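Structure data (mmCIF, C-alpha atoms and all ligand atoms) from run_2.cif:
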data_final
loop_
_atom_site.group_PDB
_atom_site.id
_atom_site.type_symbol
_atom_site.label_atom_id
_atom_site.label_comp_id
_atom_site.auth_asym_id
_atom_site.auth_seq_id
_atom_site.Cartn_x
_atom_site.Cartn_y
_atom_site.Cartn_z
ATOM 1 C CA MET I 1 2.489 -11.474 6.527
ATOM 2 C CA THR I 2 -0.595 -12.655 4.707
ATOM 3 C CA ARG I 3 -1.488 -10.900 1.515
ATOM 4 C CA LYS I 4 -4.889 -9.336 1.235
ATOM 5 C CA ARG I 5 -7.017 -9.552 -1.837
ATOM 6 C CA TYR I 6 -8.784 -6.554 -3.259
ATOM 7 C CA ASN I 7 -11.863 -6.330 -5.380
ATOM 8 C CA PHE I 8 -11.574 -3.253 -7.612
ATOM 9 C CA PRO I 9 -14.439 -1.504 -9.422
ATOM 10 C CA ILE I 10 -12.441 -1.635 -12.703
ATOM 11 C CA ASP I 11 -9.883 -4.115 -14.016
ATOM 12 C CA ARG I 12 -7.774 -1.669 -15.987
ATOM 13 C CA CYS I 13 -7.019 2.020 -16.067
ATOM 14 C CA PRO I 14 -9.613 3.903 -18.187
ATOM 15 C CA TYR I 15 -6.904 6.334 -19.326
ATOM 16 C CA CYS I 16 -3.984 4.135 -20.357
ATOM 17 C CA GLY I 17 -5.153 0.536 -19.878
ATOM 18 C CA GLY I 18 -2.649 -0.058 -17.073
ATOM 19 C CA LYS I 19 -3.303 -3.099 -14.904
ATOM 20 C CA SER I 20 -1.821 -2.136 -11.565
ATOM 21 C CA PHE I 21 -3.023 0.387 -9.044
ATOM 22 C CA TYR I 22 -1.623 1.869 -5.885
ATOM 23 C CA ILE I 23 -2.741 3.922 -2.938
ATOM 24 C CA SER I 24 -0.427 6.279 -1.122
ATOM 25 C CA SER I 25 -0.279 7.125 2.554
ATOM 26 C CA LYS I 26 1.350 9.945 4.406
ATOM 27 C CA ALA I 27 3.389 8.553 7.294
ATOM 28 C CA SER I 28 4.644 10.129 10.473
ATOM 29 C CA GLY I 29 6.309 8.561 13.496
ATOM 30 C CA THR I 30 9.313 6.351 14.164
ATOM 31 C CA THR I 31 10.338 2.946 12.792
ATOM 32 C CA SER I 32 12.895 0.573 14.305
ATOM 33 C CA PHE I 33 15.002 -1.998 12.461
ATOM 34 C CA PHE I 34 16.088 -5.069 14.470
ATOM 35 C CA VAL I 35 19.264 -7.106 13.891
ATOM 36 C CA ASN I 36 20.452 -10.054 16.007
ATOM 37 C CA SER I 37 23.833 -9.968 17.792
ATOM 38 C CA ASP I 38 25.191 -12.517 15.274
ATOM 39 C CA GLY I 39 24.555 -10.048 12.492
ATOM 40 C CA THR I 40 21.487 -11.727 10.999
ATOM 41 C CA GLU I 41 18.323 -9.785 10.443
ATOM 42 C CA SER I 42 15.554 -10.277 13.030
ATOM 43 C CA GLU I 43 11.871 -10.457 12.323
ATOM 44 C CA ASN I 44 10.924 -6.971 11.272
ATOM 45 C CA ASP I 45 7.226 -7.594 10.783
ATOM 46 C CA SER I 46 6.313 -4.880 13.270
ATOM 47 C CA MET I 47 8.689 -2.360 11.731
ATOM 48 C CA TYR I 48 5.912 0.003 10.741
ATOM 49 C CA ASP I 49 3.711 -0.391 13.811
ATOM 50 C CA GLY I 50 4.943 2.885 15.266
ATOM 51 C CA LEU I 51 3.840 4.879 12.250
ATOM 52 C CA ASN I 52 0.700 6.899 11.923
ATOM 53 C CA LEU I 53 -0.591 6.476 8.404
ATOM 54 C CA THR I 54 -3.006 8.796 6.696
ATOM 55 C CA GLN I 55 -4.201 7.027 3.591
ATOM 56 C CA ASN I 56 -5.231 8.922 0.479
ATOM 57 C CA LYS I 57 -8.878 8.749 -0.569
ATOM 58 C CA TYR I 58 -8.046 7.747 -4.149
ATOM 59 C CA TRP I 59 -6.296 4.836 -5.816
ATOM 60 C CA GLN I 60 -4.058 5.767 -8.709
ATOM 61 C CA CYS I 61 -2.893 4.002 -11.842
ATOM 62 C CA GLY I 62 0.565 2.428 -11.524
ATOM 63 C CA ASP I 63 1.426 3.478 -15.074
ATOM 64 C CA CYS I 64 0.002 6.973 -15.675
ATOM 65 C CA TYR I 65 -0.551 7.972 -12.004
ATOM 66 C CA LYS I 66 -4.034 9.338 -12.652
ATOM 67 C CA ARG I 67 -6.702 8.900 -9.982
ATOM 68 C CA VAL I 68 -8.876 6.006 -11.068
ATOM 69 C CA PHE I 69 -11.293 5.237 -8.208
ATOM 70 C CA LYS I 70 -12.021 5.992 -4.575
ATOM 71 C CA ASP I 71 -10.887 3.778 -1.728
ATOM 72 C CA SER I 72 -14.539 3.536 -0.621
ATOM 73 C CA GLU I 73 -15.272 1.655 -3.886
ATOM 74 C CA VAL I 74 -12.734 -1.067 -3.067
ATOM 75 C CA GLU I 75 -13.759 -4.273 -1.333
ATOM 76 C CA GLN I 76 -11.138 -6.138 0.692
ATOM 77 C CA LEU I 77 -11.539 -9.893 0.587
HETATM 78 ZN ZN ZN W 101 -3.280 4.682 -16.341
#
What would the structure in this file look like if it were written as structure tokens?
Amino acid sequence: MTRKRYNFPIDRCPYCGGKSFYISSKASGTTSFFVNSDGTESENDSMYDGLNLTQNKYWQCGDCYKRVFKDSEVEQL
């Protein structure tokens, strides 16, 4: 999987100064976990493809959990 880059409207939490953010999603559906017959783990890159995700509208601070900005303010690079 390639990692995306995000361009945030702020570089730290205005409440606590925290420097990581997260966005939550509600998930529903089924996931499957694949293992080879020799007992080694298969590629599970598509593990979450069967899920329906409803993403929150707000990003939150990873330290104090307060809402810090809207997803519509985030640019994905
Ligand atoms: Zn914070």
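In this structure, atom CA of I:Glu73 sits 19.0 Å away from atom CA of I:Gly17.
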Query - Matched chain/residue IDs from the PyMOL selection byres (((chain I and resi 53) around 9) and not hetatm), as a ChimeraX atom specification - result: /I:25-29,51-52,54-55
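Running the PyMOL selection byres (((not hetatm)) within 9 of (chain W and resi 101)) on this file leaves Arg12, Cys13, Pro14, Tyr15, Cys16, Gly17, Gly18, Lys19, Ser20, Phe21, Gln60, Cys61, Gly62, Asp63, Cys64, Tyr65, Lys66, Arg67 and Val68 of chain I selected.
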Query - Selection result for the PyMOL selection byres (((chain I and resi 5-9) around 10) and not hetatm) on this file, as an MDAnalysis selection string - result: chainID I and resid 2:4 10:12 21 59 68:71 73:77
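Interatomic distance, atom CA of I:Ser72 against atom CA of I:Asn56: 10.8 Å.
Atom CA of I:Thr30 lies 17.1 Å from atom CA of I:Glu43.
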Would you kindly place N, CA and C atoms on stretch 43-67 of chain I and return the model as a PDB file, keeping the file's coordinate frame?
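The resulting part_35.pdb:
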ATOM      1  N   GLU I  43      13.207 -10.699  12.854  1.00  0.00           N
ATOM      2  CA  GLU I  43      11.871 -10.457  12.323  1.00  0.00           C
ATOM      3  C   GLU I  43      11.602  -8.961  12.380  1.00  0.00           C
ATOM      4  N   ASN I  44      11.233  -8.403  11.263  1.00  0.00           N
ATOM      5  CA  ASN I  44      10.924  -6.971  11.272  1.00  0.00           C
ATOM      6  C   ASN I  44       9.475  -6.728  10.847  1.00  0.00           C
ATOM      7  N   ASP I  45       8.631  -7.695  11.171  1.00  0.00           N
ATOM      8  CA  ASP I  45       7.226  -7.594  10.783  1.00  0.00           C
ATOM      9  C   ASP I  45       6.527  -6.390  11.406  1.00  0.00           C
ATOM     10  N   SER I  46       6.991  -5.987  12.601  1.00  0.00           N
ATOM     11  CA  SER I  46       6.313  -4.880  13.270  1.00  0.00           C
ATOM     12  C   SER I  46       7.028  -3.550  13.038  1.00  0.00           C
ATOM     13  N   MET I  47       7.876  -3.532  12.021  1.00  0.00           N
ATOM     14  CA  MET I  47       8.689  -2.360  11.731  1.00  0.00           C
ATOM     15  C   MET I  47       7.876  -1.073  11.590  1.00  0.00           C
ATOM     16  N   TYR I  48       6.694  -1.199  11.035  1.00  0.00           N
ATOM     17  CA  TYR I  48       5.912   0.003  10.741  1.00  0.00           C
ATOM     18  C   TYR I  48       4.799   0.254  11.757  1.00  0.00           C
ATOM     19  N   ASP I  49       4.778  -0.540  12.828  1.00  0.00           N
ATOM     20  CA  ASP I  49       3.711  -0.391  13.811  1.00  0.00           C
ATOM     21  C   ASP I  49       3.703   0.976  14.491  1.00  0.00           C
ATOM     22  N   GLY I  50       4.860   1.595  14.592  1.00  0.00           N
ATOM     23  CA  GLY I  50       4.943   2.885  15.266  1.00  0.00           C
ATOM     24  C   GLY I  50       4.580   4.068  14.394  1.00  0.00           C
ATOM     25  N   LEU I  51       4.156   3.784  13.165  1.00  0.00           N
ATOM     26  CA  LEU I  51       3.840   4.879  12.250  1.00  0.00           C
ATOM     27  C   LEU I  51       2.359   5.207  12.262  1.00  0.00           C
ATOM     28  N   ASN I  52       2.079   6.470  12.140  1.00  0.00           N
ATOM     29  CA  ASN I  52       0.700   6.899  11.923  1.00  0.00           C
ATOM     30  C   ASN I  52       0.531   7.120  10.425  1.00  0.00           C
ATOM     31  N   LEU I  53      -0.376   6.378   9.846  1.00  0.00           N
ATOM     32  CA  LEU I  53      -0.591   6.476   8.404  1.00  0.00           C
ATOM     33  C   LEU I  53      -1.890   7.210   8.111  1.00  0.00           C
ATOM     34  N   THR I  54      -1.800   8.144   7.203  1.00  0.00           N
ATOM     35  CA  THR I  54      -3.006   8.796   6.696  1.00  0.00           C
ATOM     36  C   THR I  54      -3.125   8.436   5.230  1.00  0.00           C
ATOM     37  N   GLN I  55      -4.078   7.556   4.943  1.00  0.00           N
ATOM     38  CA  GLN I  55      -4.201   7.027   3.591  1.00  0.00           C
ATOM     39  C   GLN I  55      -4.964   7.997   2.695  1.00  0.00           C
ATOM     40  N   ASN I  56      -4.504   8.104   1.458  1.00  0.00           N
ATOM     41  CA  ASN I  56      -5.231   8.922   0.479  1.00  0.00           C
ATOM     42  C   ASN I  56      -6.622   8.361   0.233  1.00  0.00           C
ATOM     43  N   LYS I  57      -7.511   9.201  -0.282  1.00  0.00           N
ATOM     44  CA  LYS I  57      -8.878   8.749  -0.569  1.00  0.00           C
ATOM     45  C   LYS I  57      -8.977   8.065  -1.927  1.00  0.00           C
ATOM     46  N   TYR I  58      -7.969   8.252  -2.785  1.00  0.00           N
ATOM     47  CA  TYR I  58      -8.046   7.747  -4.149  1.00  0.00           C
ATOM     48  C   TYR I  58      -6.945   6.745  -4.453  1.00  0.00           C
ATOM     49  N   TRP I  59      -7.282   5.738  -5.226  1.00  0.00           N
ATOM     50  CA  TRP I  59      -6.296   4.836  -5.816  1.00  0.00           C
ATOM     51  C   TRP I  59      -5.857   5.457  -7.133  1.00  0.00           C
ATOM     52  N   GLN I  60      -4.592   5.214  -7.478  1.00  0.00           N
ATOM     53  CA  GLN I  60      -4.058   5.767  -8.709  1.00  0.00           C
ATOM     54  C   GLN I  60      -3.504   4.660  -9.593  1.00  0.00           C
ATOM     55  N   CYS I  61      -3.428   4.970 -10.877  1.00  0.00           N
ATOM     56  CA  CYS I  61      -2.893   4.002 -11.842  1.00  0.00           C
ATOM     57  C   CYS I  61      -1.388   3.885 -11.664  1.00  0.00           C
ATOM     58  N   GLY I  62      -0.872   2.659 -11.673  1.00  0.00           N
ATOM     59  CA  GLY I  62       0.565   2.428 -11.524  1.00  0.00           C
ATOM     60  C   GLY I  62       1.367   2.860 -12.741  1.00  0.00           C
ATOM     61  N   ASP I  63       0.703   3.094 -13.857  1.00  0.00           N
ATOM     62  CA  ASP I  63       1.426   3.478 -15.074  1.00  0.00           C
ATOM     63  C   ASP I  63       1.347   4.969 -15.363  1.00  0.00           C
ATOM     64  N   CYS I  64       0.133   5.548 -15.311  1.00  0.00           N
ATOM     65  CA  CYS I  64       0.002   6.973 -15.675  1.00  0.00           C
ATOM     66  C   CYS I  64      -0.247   7.857 -14.452  1.00  0.00           C
ATOM     67  N   TYR I  65      -0.414   7.249 -13.273  1.00  0.00           N
ATOM     68  CA  TYR I  65      -0.551   7.972 -12.004  1.00  0.00           C
ATOM     69  C   TYR I  65      -1.826   8.792 -11.864  1.00  0.00           C
ATOM     70  N   LYS I  66      -2.762   8.624 -12.793  1.00  0.00           N
ATOM     71  CA  LYS I  66      -4.034   9.338 -12.652  1.00  0.00           C
ATOM     72  C   LYS I  66      -4.891   8.669 -11.587  1.00  0.00           C
ATOM     73  N   ARG I  67      -5.754   9.457 -10.943  1.00  0.00           N
ATOM     74  CA  ARG I  67      -6.702   8.900  -9.982  1.00  0.00           C
ATOM     75  C   ARG I  67      -7.749   8.096 -10.735  1.00  0.00           C
TER      76      ARG I  67
END
